[in-house]
Structure formats: structure tokens, C-alpha cells
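Enquirer: Dropping in run-v6.txt, which is compact mmCIF, C-alpha atoms and all ligand atoms:
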# COMPACT_ATOMS: atom_id res chain seq x y z
CA MET A 1 0.00 0.00 0.00
CA THR A 2 1.32 3.46 -0.83
CA GLU A 3 1.21 6.28 1.68
CA PRO A 4 -1.33 8.98 0.78
CA LYS A 5 0.36 12.20 -0.29
CA PRO A 6 0.30 14.59 2.68
CA SER A 7 -1.89 17.66 2.35
CA LEU A 8 -0.36 21.09 1.90
CA TRP A 9 -1.21 21.86 5.52
CA GLN A 10 0.53 18.69 6.72
CA ARG A 11 3.54 19.49 4.60
CA LEU A 12 3.67 23.05 5.87
CA THR A 13 3.32 22.21 9.55
CA GLY A 14 5.64 19.24 9.10
CA GLY A 15 8.21 21.34 7.26
CA LEU A 16 7.96 24.23 9.68
CA LYS A 17 7.91 21.92 12.68
CA ARG A 18 11.01 23.36 14.28
CA THR A 19 9.80 26.95 13.99
CA SER A 20 6.33 25.93 15.15
CA SER A 21 7.27 23.98 18.20
CA ALA A 22 9.96 26.45 19.27
CA LEU A 23 7.68 29.47 19.27
CA GLY A 24 4.25 27.95 19.85
CA GLY A 25 5.49 25.81 22.72
CA ALA A 26 7.31 28.67 24.43
CA VAL A 27 4.33 31.02 24.10
CA ALA A 28 1.95 28.45 25.57
CA ASP A 29 4.33 27.71 28.46
CA LEU A 30 4.72 31.38 29.20
CA VAL A 31 1.03 32.16 29.69
CA SER A 32 -0.23 28.87 31.04
CA LYS A 33 0.84 29.20 34.66
CA ARG A 34 -0.14 32.75 35.57
CA LYS A 35 -2.40 35.69 34.95
CA LEU A 36 -1.36 38.06 32.21
CA ASP A 37 0.58 41.08 33.54
CA GLY A 38 3.18 43.56 32.33
CA ALA A 39 6.07 41.21 33.03
CA THR A 40 4.47 38.37 31.08
CA ILE A 41 3.80 40.64 28.13
CA GLU A 42 7.39 41.80 28.24
CA GLU A 43 8.65 38.23 28.28
CA LEU A 44 6.38 37.41 25.38
CA GLU A 45 7.85 40.31 23.44
CA GLU A 46 11.39 39.05 24.11
CA LEU A 47 10.38 35.57 23.03
CA LEU A 48 9.11 36.92 19.72
CA ILE A 49 12.29 38.90 19.15
CA ARG A 50 14.36 35.78 19.81
CA ALA A 51 12.19 33.98 17.26
CA ASP A 52 13.46 36.46 14.63
CA LEU A 53 10.14 38.27 14.12
CA GLY A 54 11.81 41.64 14.63
CA VAL A 55 11.43 44.32 17.28
CA ASP A 56 8.50 46.15 15.67
CA VAL A 57 6.46 43.04 14.97
CA ALA A 58 7.17 41.67 18.46
CA ALA A 59 5.92 44.89 20.06
CA ARG A 60 2.81 44.91 17.91
CA ILE A 61 1.92 41.32 18.74
CA ALA A 62 2.63 41.71 22.44
CA ALA A 63 0.33 44.73 22.51
CA ALA A 64 -2.40 42.79 20.72
CA VAL A 65 -2.13 39.97 23.25
CA GLY A 66 -2.28 42.41 26.17
CA GLN A 67 -5.30 44.26 24.81
CA GLY A 68 -8.13 43.81 27.33
CA ARG A 69 -6.54 40.74 28.92
CA TYR A 70 -4.53 42.15 31.81
CA ASP A 71 -5.05 40.28 35.11
CA LYS A 72 -6.91 37.55 33.28
CA THR A 73 -6.00 33.96 32.78
CA VAL A 74 -5.48 33.14 29.12
CA SER A 75 -4.88 29.81 27.50
CA GLY A 76 -1.90 28.93 25.37
CA ASP A 77 -4.23 28.30 22.44
CA GLU A 78 -5.80 31.73 22.82
CA VAL A 79 -2.40 33.43 22.62
CA LYS A 80 -1.35 31.25 19.71
CA ALA A 81 -4.54 32.26 17.89
CA ILE A 82 -3.77 35.97 18.42
CA LEU A 83 -0.19 35.39 17.30
CA ALA A 84 -1.41 33.62 14.15
CA ALA A 85 -3.90 36.39 13.39
CA GLU A 86 -1.33 39.17 13.81
CA VAL A 87 1.33 37.36 11.77
CA GLY A 88 -1.33 36.61 9.15
CA LYS A 89 -2.11 40.33 8.85
CA ILE A 90 1.55 41.07 8.14
CA LEU A 91 1.96 38.23 5.65
CA ALA A 92 -1.29 38.53 3.72
CA PRO A 93 -0.17 41.51 1.58
CA VAL A 94 3.04 39.75 0.46
CA GLN A 95 1.38 36.50 -0.64
CA LYS A 96 1.71 36.92 -4.39
CA PRO A 97 2.23 34.15 -6.92
CA LEU A 98 5.01 34.36 -9.47
CA ALA A 99 2.74 35.03 -12.43
CA ILE A 100 4.09 34.22 -15.89
CA ASP A 101 2.97 37.01 -18.20
CA GLY A 102 2.47 35.34 -21.57
CA THR A 103 2.88 38.60 -23.47
CA HIS A 104 6.62 38.21 -22.90
CA LYS A 105 8.08 35.29 -24.75
CA PRO A 106 10.27 34.19 -23.18
CA PHE A 107 9.27 35.45 -19.75
CA VAL A 108 12.71 35.96 -18.25
CA ILE A 109 13.32 35.24 -14.57
CA LEU A 110 16.68 36.25 -13.12
CA VAL A 111 17.45 34.34 -9.94
CA VAL A 112 19.81 36.02 -7.46
CA GLY A 113 21.08 35.36 -3.94
CA VAL A 114 24.24 34.53 -2.02
CA ASN A 115 26.12 31.25 -2.52
CA GLY A 116 24.40 28.31 -0.92
CA SER A 117 21.04 30.03 -0.46
CA GLY A 118 19.37 27.51 -2.76
CA LYS A 119 19.21 29.29 -6.14
CA THR A 120 20.08 26.36 -8.37
CA THR A 121 17.85 23.96 -6.45
CA THR A 122 14.96 26.41 -6.51
CA ILE A 123 15.40 26.89 -10.27
CA GLY A 124 15.21 23.11 -10.70
CA LYS A 125 12.06 22.82 -8.60
CA LEU A 126 10.42 25.81 -10.25
CA ALA A 127 11.31 24.58 -13.73
CA ALA A 128 9.68 21.24 -12.88
CA LYS A 129 6.51 22.99 -11.69
CA LEU A 130 6.30 25.17 -14.80
CA THR A 131 6.98 22.21 -17.07
CA ASN A 132 4.11 20.35 -15.39
CA GLU A 133 1.93 23.38 -16.15
CA LYS A 134 2.88 22.91 -19.81
CA TYR A 135 5.22 25.86 -20.12
CA LYS A 136 8.26 25.32 -22.31
CA VAL A 137 11.13 26.11 -19.95
CA MET A 138 14.78 26.82 -20.68
CA LEU A 139 17.57 27.24 -18.13
CA ALA A 140 20.77 29.30 -18.28
CA ALA A 141 23.77 28.31 -16.16
CA GLY A 142 24.75 31.87 -15.29
CA ASP A 143 26.80 30.90 -12.23
CA THR A 144 29.84 30.51 -14.44
CA PHE A 145 32.11 30.94 -11.43
CA ARG A 146 31.76 27.39 -10.12
CA ALA A 147 31.99 24.27 -12.31
CA ALA A 148 29.81 22.39 -9.82
CA ALA A 149 27.01 24.92 -10.25
CA ILE A 150 26.97 24.38 -14.02
CA ALA A 151 26.93 20.59 -13.61
CA GLN A 152 24.18 20.83 -10.98
CA LEU A 153 21.91 22.85 -13.27
CA LYS A 154 22.53 20.42 -16.13
CA ILE A 155 21.41 17.55 -13.90
CA TRP A 156 18.18 19.39 -13.05
CA GLY A 157 17.60 20.20 -16.72
CA GLY A 158 18.14 16.58 -17.73
CA ARG A 159 15.75 15.34 -15.06
CA ILE A 160 13.00 17.74 -16.11
CA GLY A 161 13.65 17.69 -19.83
CA ALA A 162 14.47 21.39 -19.99
CA LYS A 163 17.25 22.60 -22.23
CA VAL A 164 20.21 24.13 -20.36
CA ILE A 165 22.33 26.81 -21.97
CA ALA A 166 25.80 26.54 -20.46
CA ARG A 167 29.41 27.34 -21.18
CA GLU A 168 32.62 26.27 -19.51
CA GLN A 169 33.56 27.57 -16.08
CA GLY A 170 34.95 31.09 -16.07
CA SER A 171 32.95 32.26 -19.10
CA ASP A 172 31.36 35.69 -19.13
CA ALA A 173 27.94 35.43 -17.45
CA ALA A 174 26.45 38.35 -19.37
CA SER A 175 27.25 36.93 -22.80
CA LEU A 176 25.87 33.59 -21.64
CA ALA A 177 22.64 35.36 -20.65
CA TYR A 178 22.52 37.00 -24.07
CA GLU A 179 23.03 33.68 -25.81
CA ALA A 180 20.34 32.06 -23.64
CA MET A 181 17.84 34.80 -24.47
CA GLU A 182 18.43 34.40 -28.17
CA ALA A 183 18.17 30.61 -27.92
CA ALA A 184 14.98 30.81 -25.85
CA ARG A 185 13.45 33.18 -28.37
CA ALA A 186 14.54 31.08 -31.37
CA GLU A 187 13.16 27.90 -29.84
CA GLY A 188 9.91 29.47 -28.68
CA ALA A 189 10.49 28.92 -24.96
CA ASP A 190 7.82 30.39 -22.67
CA VAL A 191 10.05 30.85 -19.64
CA LEU A 192 13.80 31.36 -19.29
CA LEU A 193 15.26 30.91 -15.79
CA ILE A 194 18.72 32.42 -15.37
CA ASP A 195 21.00 31.22 -12.56
CA THR A 196 23.65 33.62 -11.23
CA ALA A 197 26.72 33.61 -9.01
CA GLY A 198 26.27 34.96 -5.51
CA ARG A 199 29.55 36.42 -4.45
CA LEU A 200 28.22 38.93 -1.95
CA GLN A 201 31.65 39.05 -0.30
CA ASN A 202 32.83 40.78 -3.46
CA LYS A 203 30.08 43.37 -3.69
CA THR A 204 31.45 45.52 -6.47
CA GLY A 205 32.18 42.44 -8.58
CA LEU A 206 28.70 41.09 -8.01
CA MET A 207 27.07 44.43 -8.65
CA SER A 208 28.86 45.00 -11.92
CA GLU A 209 28.21 41.41 -13.02
CA LEU A 210 24.45 41.58 -12.34
CA ASP A 211 24.31 45.03 -13.84
CA LYS A 212 26.03 43.79 -16.99
CA ILE A 213 23.77 40.74 -17.24
CA VAL A 214 20.70 43.01 -17.13
CA ARG A 215 22.12 45.49 -19.64
CA VAL A 216 23.03 42.77 -22.11
CA MET A 217 19.63 41.09 -21.69
CA LYS A 218 17.91 44.32 -22.63
CA LYS A 219 19.63 44.23 -26.01
CA VAL A 220 17.47 41.21 -26.83
CA ASP A 221 14.33 42.35 -24.98
CA ALA A 222 14.19 45.85 -23.54
CA THR A 223 11.55 44.75 -21.00
CA ALA A 224 13.72 41.92 -19.55
CA PRO A 225 14.20 40.67 -16.90
CA HIS A 226 10.49 40.28 -16.17
CA ALA A 227 11.09 39.03 -12.65
CA VAL A 228 14.11 39.20 -10.36
CA VAL A 229 13.71 36.56 -7.70
CA LEU A 230 15.87 36.70 -4.58
CA VAL A 231 16.45 33.33 -2.91
CA LEU A 232 16.99 33.54 0.86
CA ASP A 233 18.11 30.77 3.21
CA ALA A 234 15.96 30.84 6.35
CA THR A 235 18.67 29.27 8.48
CA VAL A 236 20.80 32.44 8.39
CA GLY A 237 18.15 34.30 10.42
CA GLN A 238 18.74 38.03 10.79
CA ASN A 239 21.39 37.96 8.08
CA ALA A 240 18.62 37.48 5.52
CA LEU A 241 17.41 41.02 6.24
CA SER A 242 20.67 42.59 5.12
CA GLN A 243 20.75 40.35 2.05
CA VAL A 244 17.39 41.77 1.00
CA ALA A 245 18.77 45.30 1.35
CA GLU A 246 21.93 44.50 -0.64
CA PHE A 247 20.19 42.72 -3.50
CA GLN A 248 17.45 45.35 -3.65
CA LYS A 249 20.21 47.84 -4.38
CA VAL A 250 22.12 45.83 -6.97
CA ALA A 251 19.38 43.89 -8.72
CA GLY A 252 15.96 45.50 -8.23
CA VAL A 253 14.36 42.45 -6.61
CA THR A 254 10.71 41.86 -7.56
CA GLY A 255 9.98 38.87 -5.31
CA LEU A 256 11.33 36.35 -2.82
CA VAL A 257 11.67 32.65 -2.26
CA MET A 258 12.67 31.47 1.22
CA THR A 259 14.38 28.07 1.35
CA LYS A 260 15.36 25.53 4.02
CA LEU A 261 12.35 26.19 6.21
CA ASP A 262 12.29 22.44 6.84
CA GLY A 263 15.47 22.40 8.87
CA THR A 264 15.30 25.49 11.04
CA ALA A 265 13.51 27.12 13.95
CA ARG A 266 14.13 30.50 12.33
CA GLY A 267 11.10 30.71 10.02
CA GLY A 268 10.02 33.85 11.90
CA ILE A 269 12.54 35.81 9.86
CA LEU A 270 10.12 35.77 6.95
CA VAL A 271 7.69 37.79 9.07
CA ALA A 272 10.35 40.41 9.84
CA ILE A 273 11.24 40.63 6.14
CA ALA A 274 7.59 41.01 5.12
CA ALA A 275 7.04 43.74 7.71
CA LYS A 276 10.16 45.64 6.67
CA TYR A 277 10.30 45.29 2.89
CA ASN A 278 6.80 44.43 1.77
CA LEU A 279 8.20 42.42 -1.15
CA PRO A 280 6.09 39.66 -2.72
CA VAL A 281 6.84 36.18 -1.38
CA HIS A 282 6.28 33.62 -4.13
CA TYR A 283 7.41 30.27 -2.79
CA ILE A 284 8.95 28.55 0.19
CA GLY A 285 11.42 25.65 0.10
CA LEU A 286 10.71 22.73 2.42
CA GLY A 287 13.37 20.26 1.35
CA GLU A 288 15.89 19.30 -1.31
CA GLY A 289 13.55 17.27 -3.51
CA VAL A 290 11.81 18.35 -6.70
CA ASP A 291 8.40 18.56 -4.98
CA ASP A 292 9.65 20.51 -1.97
CA LEU A 293 8.66 23.95 -3.23
CA GLU A 294 5.30 25.29 -2.07
CA ALA A 295 3.44 28.39 -3.21
CA PHE A 296 3.54 30.80 -0.29
CA ASP A 297 0.34 30.72 1.76
CA ALA A 298 0.22 33.56 4.30
CA ASP A 299 -2.52 32.13 6.46
CA GLY A 300 -1.07 28.64 6.62
CA PHE A 301 2.40 30.00 7.32
CA ALA A 302 1.09 32.25 10.11
CA LYS A 303 -0.72 29.35 11.77
CA ALA A 304 2.33 27.12 11.45
CA VAL A 305 4.61 29.79 12.96
CA ALA A 306 2.20 30.18 15.89
CA GLY A 307 2.22 26.44 16.46
CA LEU A 308 -1.51 26.01 15.88
CA GLU A 309 -2.55 22.47 15.10
N1 LIG A 401 16.72 21.25 3.48
C1 LIG A 401 16.70 22.03 2.41
N2 LIG A 401 17.82 22.15 1.65
C2 LIG A 401 17.78 22.95 0.57
C3 LIG A 401 16.62 23.68 0.20
N3 LIG A 401 16.92 24.39 -0.91
C4 LIG A 401 18.22 24.11 -1.22
N4 LIG A 401 18.75 23.24 -0.33
C5 LIG A 401 20.12 22.70 -0.29
O1 LIG A 401 21.03 23.76 -0.03
C6 LIG A 401 22.28 23.52 -0.68
C7 LIG A 401 22.64 24.73 -1.55
O2 LIG A 401 21.70 24.83 -2.60
P1 LIG A 401 22.07 25.40 -4.05
O3 LIG A 401 20.83 25.35 -4.85
O4 LIG A 401 23.26 24.73 -4.60
O5 LIG A 401 22.43 26.91 -3.66
P2 LIG A 401 23.02 28.07 -4.60
O6 LIG A 401 24.49 28.14 -4.28
O7 LIG A 401 22.32 29.31 -4.17
O8 LIG A 401 22.72 27.70 -6.01
C8 LIG A 401 22.09 22.25 -1.47
O9 LIG A 401 22.64 21.17 -0.73
C9 LIG A 401 20.58 22.10 -1.60
O10 LIG A 401 20.17 20.77 -1.74
C10 LIG A 401 15.44 23.55 1.03
O11 LIG A 401 14.38 24.15 0.82
N5 LIG A 401 15.56 22.71 2.11
MG MG A 402 23.99 27.50 -7.55
Would you encode the structure as C-alpha cells?

Expert:
Amino acid sequence: MTEPKPSLWQRLTGGLKRTSSALGGAVADLVSKRKLDGATIEELEELLIRADLGVDVAARIAAAVGQGRYDKTVSGDEVKAILAAEVGKILAPVQKPLAIDGTHKPFVILVVGVNGSGKTTTIGKLAAKLTNEKYKVMLAAGDTFRAAAIAQLKIWGGRIGAKVIAREQGSDAASLAYEAMEAARAEGADVLLIDTAGRLQNKTGLMSELDKIVRVMKKVDATAPHAVVLVLDATVGQNALSQVAEFQKVAGVTGLVMTKLDGTARGGILVAIAAKYNLPVHYIGLGEGVDDLEAFDADGFAKAVAGLE
């Protein structure tokens, strides 16, 4: 007998288990043994800050919990429900799918982010999803810096049946992007996903490289890139905030994917990012496999963060 495929909710709560149990459990413990007072609210606020939600969000949620409940006994579930509702309010405006606009052919998606954040893997997963939706997808191995990155993208392409435009290691990424755009256009591809190198430690190098890629792309299609997706690794916590700021500056990010939410208790960082930058969140990564990319669901994510069952 085969196991039934888990529902999205099961996958989300399962994937976010570490974030869920860390925060939800601590919140329930905090309020369960005493009446709500100033000290409890303050401790709650600190707990939320430690869970990476950010100072502003923590203050807002603590205030919402305190509202009309001082000197009362509240249940853990009640506080979790308030937490979920407040987080949901912050996340709802950033829940936006990565829409493929068919008037652009190919629709060009530039994928950026620091090394190891999950760019190549996310491209593979996304390409598989789009292929299933009957889009003709092409990939460009724009991380020409590392031979392994080129090989990795070719493996994904082979698995999915998507053509991969690649050159040898050390080639110019911008001319590769140009070549990929021309190939995608010639072959009638609907979507072109372009991988990039993520050498944030060499900011000027990265900036000029991304800048050049975009300039060269525009020679083929003045409206490209049609989406610039920043891939963020949830496990780096607060560091993800500064990555958003950096890549906003160098690449004009249009949306986010947050990866590795399956292995970390730091999923709260997505809430801080949403509150601060208000950038669309398209997908979340919940594992290394081809199916481990879920469309971002604000309500489900908020409930999972709060530890609601
Ligand atoms: N657990 C987990 N691992 C991931 C996820 N996304 C990527 N990875 C892993 O993170 C590592 C770096 O990913 P990669 O795509 O090579 O990052 P890149 O350097 O940005 O292209 C690889 O071992 C991936 O399998 C995810 O959502 N969950
Ligand atoms: Mg890569």
C-alpha cells in the first residue's frame, strides 16, 4: 500500500515543525501558569524577538495579546490564535504568486542570492513545476564561477527535460545570458530561468556582473528581466534582512523565495522581512527534492509559525 500524499497543511506544519514547536510551545508555556501582567507581556515580546520576528512586529503582537486581557487567565491556544492572526495580517499583503505574463516570450526570470542560499535547487524545482503546467522552460547556467554549479543545473535540466544553456567555467555570465535569451526566443520557450553567481563578499564584482547581465539582456528584450527573484536561506536568520537590502540595491528584486524552512527554527525571519520590505513572497522551500517547493500561503504559514494544530 502506498502512503497517501500529505496535504499542503501537513507538509507546511511538518516542514515548519522546528519553527512551530519552538515558538508555539514557548508562548503556551509562558502564559499557562499565571495571569497576564506587564512582566508576562514583556517576556512574550522578548520571546518573539528571539524567534526572529523583529522588534516592531514583536511589540505589535505583544500589545495585541495584552489588549483587554490584563489580570486575566489566558490559555496557550488563545495566545497562539492571536499570534497567528497578527502574523497573518503582516503576511497577507506579500502572498503573491510568481505570475508568468504570456505577453513576454520568453518570460525571463533572473534568480539572485548569495552562494548556498538555494538558487540552483529552486530553479530546478520551479522549472519542474512550470513544465508540469505545460510551459516550455529553458535554463541558463549563469553561475559561471563554479563548475559544480553548471553541472548541478545540467542535472536538473536533464531530469526535467528542460534545455540548459551553459558554457565552460569562467565564461562571461552576461554573454551567456545573451546567448540564452536568443536561444529561448529562437526555440519558442515560454520561460527562461537564469541562474547567477552569488559572491556577496565581493560586492562591487557582483554588482557590476548583475548590472552587466541586465544590460546585455535588454539588447534582446528591452523589458527583460520580467522578474528578479531573490532566494533567501531561512537558516541564516537576521542575516537574511541585510541580504534583501543588498540585492534590492544591486538587482531590483521583484519577489522572494525562502528556502530551508524544513530544517530550522528560524522561520520567523520571513515575518520580519515582510514587515520591513513588503516584497512579494512567491514560494517557500521545504526540502531538497523536486516537490519541496510550495506556493507561499500567508494564512497557513502564520498558523504554522504560531504552532496552531
Ligand atoms: N533542506 C533544504 N535544503 C535545501 C533547500 N533548498 C536548497 N537546499 C540545499 O542547499 C544547498 C545549496 O543549494 P544550491 O541550490 O546549490 O544553492 P546556490 O548556491 O544558491 O545555487 C544544497 O545542498 C541544496 O540541496 C530547502 O528548501 N531545504
Ligand atoms: Mg547554484

Enquirer: Tell me which of A:Ile150, A:Val290, A:Ala272, A:Leu30 sits closest to Val79 (chain A), counting only C-alpha atoms.

Expert: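 Of all the options, A:Leu30 lies closest to Val79 (chain A).
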
Enquirer: Looking at only C-alpha atoms, which of A:Val87, A:Val253, A:Leu53, A:Ile41 is the one that sits closest to Gln67 (chain A)?

Expert: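 Ranking A:Val87, A:Val253, A:Leu53, A:Ile41 by distance to Gln67 (chain A), first place goes to A:Ile41.
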
Enquirer: As a ChimeraX atom specification, please: the residues near region 129-137 of chain A (cut-off 6 Å, only C-alpha atoms, same-chain neighbours under 5 positions excluded).

Expert: /A:162,189-192

Enquirer: Using all atoms listed in the file, which residues have at least one atom no more than 8 Å from ligand LIG 401 (chain A)? Output them as a PyMOL selection string.

Expert: chain A and resi 112-123+149+152+195-198+231+233+258-263+284-289+292-293

Enquirer: Tell me which protein, DNA and RNA residues are within 12 Å of Ala166 (chain A), counting only C-alpha atoms, leaving out same-chain ones fewer than 4 positions away, and put them as a count of residues only.

Expert: 33

Enquirer: When distances are computed from only C-alpha atoms, which of A:Ala222, A:Ala295, A:Ile49, A:Ile273 shows the smallest separation from Lys125 (chain A)?

Expert: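 Of A:Ala222, A:Ala295, A:Ile49, A:Ile273, the one nearest Lys125 (chain A), counting only C-alpha atoms, is A:Ala295.
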
Enquirer: What does the distance from CA of Ala186 (chain A) to CA of Ile213 (chain A) come to in Å, to one decimal?

Expert: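 For CA of Ala186 (chain A) relative to CA of Ile213 (chain A), the distance reads 19.4 Å.
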
Enquirer: Please indicate the distance in Å from CA of Ala99 (chain A) to CA of Thr223 (chain A), rounded to one decimal place.

Expert: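 Between CA of Ala99 (chain A) and CA of Thr223 (chain A) the gap is 15.7 Å.
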
Enquirer: Could you please determine the separation between CA of Glu246 (chain A) and CA of Met207 (chain A) in Å, to one decimal place?

Expert: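 Computing it gives 9.5 Å between the two atoms.
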
Enquirer: Using only C-alpha atoms and all ligand atoms, pick whichever of A:Ala298, A:Ala127, A:Ala26, A:Val111 has the shortest atom-to-atom distance to ligand MG 402 (chain A).

Expert: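 Smallest distance to ligand MG 402 (chain A) is found for A:Val111.
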
Enquirer: Please determine, counting all atoms listed in the file, which residue among A:Arg199, A:His226, A:His282, A:Lys80 has the shortest atom-to-atom distance to Gly24 (chain A).

Expert: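 Among the listed residues, A:Lys80 lies closest to Gly24 (chain A).
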
Enquirer: Of the residues A:Ala92, A:Val216, A:Ala51, A:Val228, which is the one nearest to Ser21 (chain A), using all atoms listed in the file?

Expert: A:Ala51

Enquirer: Taking (17.2, 39.3, -17.1) in the file's coordinates, which residues come within 7 Å, counting only C-alpha atoms, written as a list in words?

Expert: Val108, Ile109, Leu110, Ile213, Val214, Met217, Ala224, Pro225 and His226 of chain A

Enquirer: Keeping C-alpha atoms, export the residues of the selection given above as a PDB file, keeping the file's coordinate frame.

Expert:
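As a result, result21.pdb now contains:
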ATOM      1  CA  VAL A 108      12.710  35.960 -18.250  1.00  0.00           C
ATOM      2  CA  ILE A 109      13.320  35.240 -14.570  1.00  0.00           C
ATOM      3  CA  LEU A 110      16.680  36.250 -13.120  1.00  0.00           C
ATOM      4  CA  ILE A 213      23.770  40.740 -17.240  1.00  0.00           C
ATOM      5  CA  VAL A 214      20.700  43.010 -17.130  1.00  0.00           C
ATOM      6  CA  MET A 217      19.630  41.090 -21.690  1.00  0.00           C
ATOM      7  CA  ALA A 224      13.720  41.920 -19.550  1.00  0.00           C
ATOM      8  CA  PRO A 225      14.200  40.670 -16.900  1.00  0.00           C
ATOM      9  CA  HIS A 226      10.490  40.280 -16.170  1.00  0.00           C
TER      10      HIS A 226
END

Enquirer: Have region 218-243 of chain A completed to N, CA and C atoms, please, and pass it along as a compact mmCIF listing (two decimals), keeping the file's coordinate frame.

Expert:
# COMPACT_ATOMS: atom_id res chain seq x y z
N LYS A 218 18.79 43.29 -22.05
CA LYS A 218 17.91 44.32 -22.63
C LYS A 218 18.18 44.55 -24.11
N LYS A 219 19.35 44.11 -24.57
CA LYS A 219 19.63 44.23 -26.01
C LYS A 219 18.74 43.27 -26.80
N VAL A 220 18.37 42.16 -26.17
CA VAL A 220 17.47 41.21 -26.83
C VAL A 220 16.01 41.60 -26.60
N ASP A 221 15.69 41.95 -25.34
CA ASP A 221 14.33 42.35 -24.98
C ASP A 221 14.43 43.48 -23.96
N ALA A 222 14.04 44.66 -24.38
CA ALA A 222 14.19 45.85 -23.54
C ALA A 222 13.40 45.76 -22.24
N THR A 223 12.39 44.86 -22.21
CA THR A 223 11.55 44.75 -21.00
C THR A 223 12.10 43.70 -20.01
N ALA A 224 13.17 42.97 -20.42
CA ALA A 224 13.72 41.92 -19.55
C ALA A 224 14.68 42.52 -18.50
N PRO A 225 14.88 41.87 -17.37
CA PRO A 225 14.20 40.67 -16.90
C PRO A 225 12.79 40.99 -16.41
N HIS A 226 11.88 40.04 -16.56
CA HIS A 226 10.49 40.28 -16.17
C HIS A 226 10.23 39.97 -14.71
N ALA A 227 11.14 39.25 -14.10
CA ALA A 227 11.09 39.03 -12.65
C ALA A 227 12.52 38.85 -12.17
N VAL A 228 12.82 39.42 -11.01
CA VAL A 228 14.11 39.20 -10.36
C VAL A 228 13.81 38.59 -8.99
N VAL A 229 14.09 37.31 -8.90
CA VAL A 229 13.71 36.56 -7.70
C VAL A 229 14.92 36.38 -6.79
N LEU A 230 14.80 36.87 -5.57
CA LEU A 230 15.87 36.70 -4.58
C LEU A 230 15.59 35.46 -3.74
N VAL A 231 16.58 34.56 -3.71
CA VAL A 231 16.45 33.33 -2.91
C VAL A 231 17.18 33.53 -1.58
N LEU A 232 16.45 33.33 -0.49
CA LEU A 232 16.99 33.54 0.86
C LEU A 232 16.95 32.23 1.64
N ASP A 233 18.02 31.96 2.36
CA ASP A 233 18.11 30.77 3.21
C ASP A 233 17.62 31.14 4.61
N ALA A 234 16.54 30.48 5.05
CA ALA A 234 15.96 30.84 6.35
C ALA A 234 16.91 30.58 7.51
N THR A 235 17.82 29.64 7.35
CA THR A 235 18.67 29.27 8.48
C THR A 235 19.65 30.37 8.88
N VAL A 236 19.86 31.36 8.04
CA VAL A 236 20.80 32.44 8.39
C VAL A 236 20.13 33.49 9.28
N GLY A 237 18.84 33.39 9.50
CA GLY A 237 18.15 34.30 10.42
C GLY A 237 18.28 35.76 10.02
N GLN A 238 18.68 36.58 10.98
CA GLN A 238 18.74 38.03 10.79
C GLN A 238 19.55 38.46 9.57
N ASN A 239 20.56 37.66 9.23
CA ASN A 239 21.39 37.96 8.08
C ASN A 239 20.60 38.10 6.78
N ALA A 240 19.47 37.43 6.73
CA ALA A 240 18.62 37.48 5.52
C ALA A 240 18.11 38.90 5.29
N LEU A 241 17.90 39.64 6.38
CA LEU A 241 17.41 41.02 6.24
C LEU A 241 18.40 41.88 5.47
N SER A 242 19.69 41.76 5.81
CA SER A 242 20.67 42.59 5.12
C SER A 242 20.87 42.12 3.69
N GLN A 243 20.66 40.82 3.45
CA GLN A 243 20.75 40.35 2.05
C GLN A 243 19.66 40.97 1.19
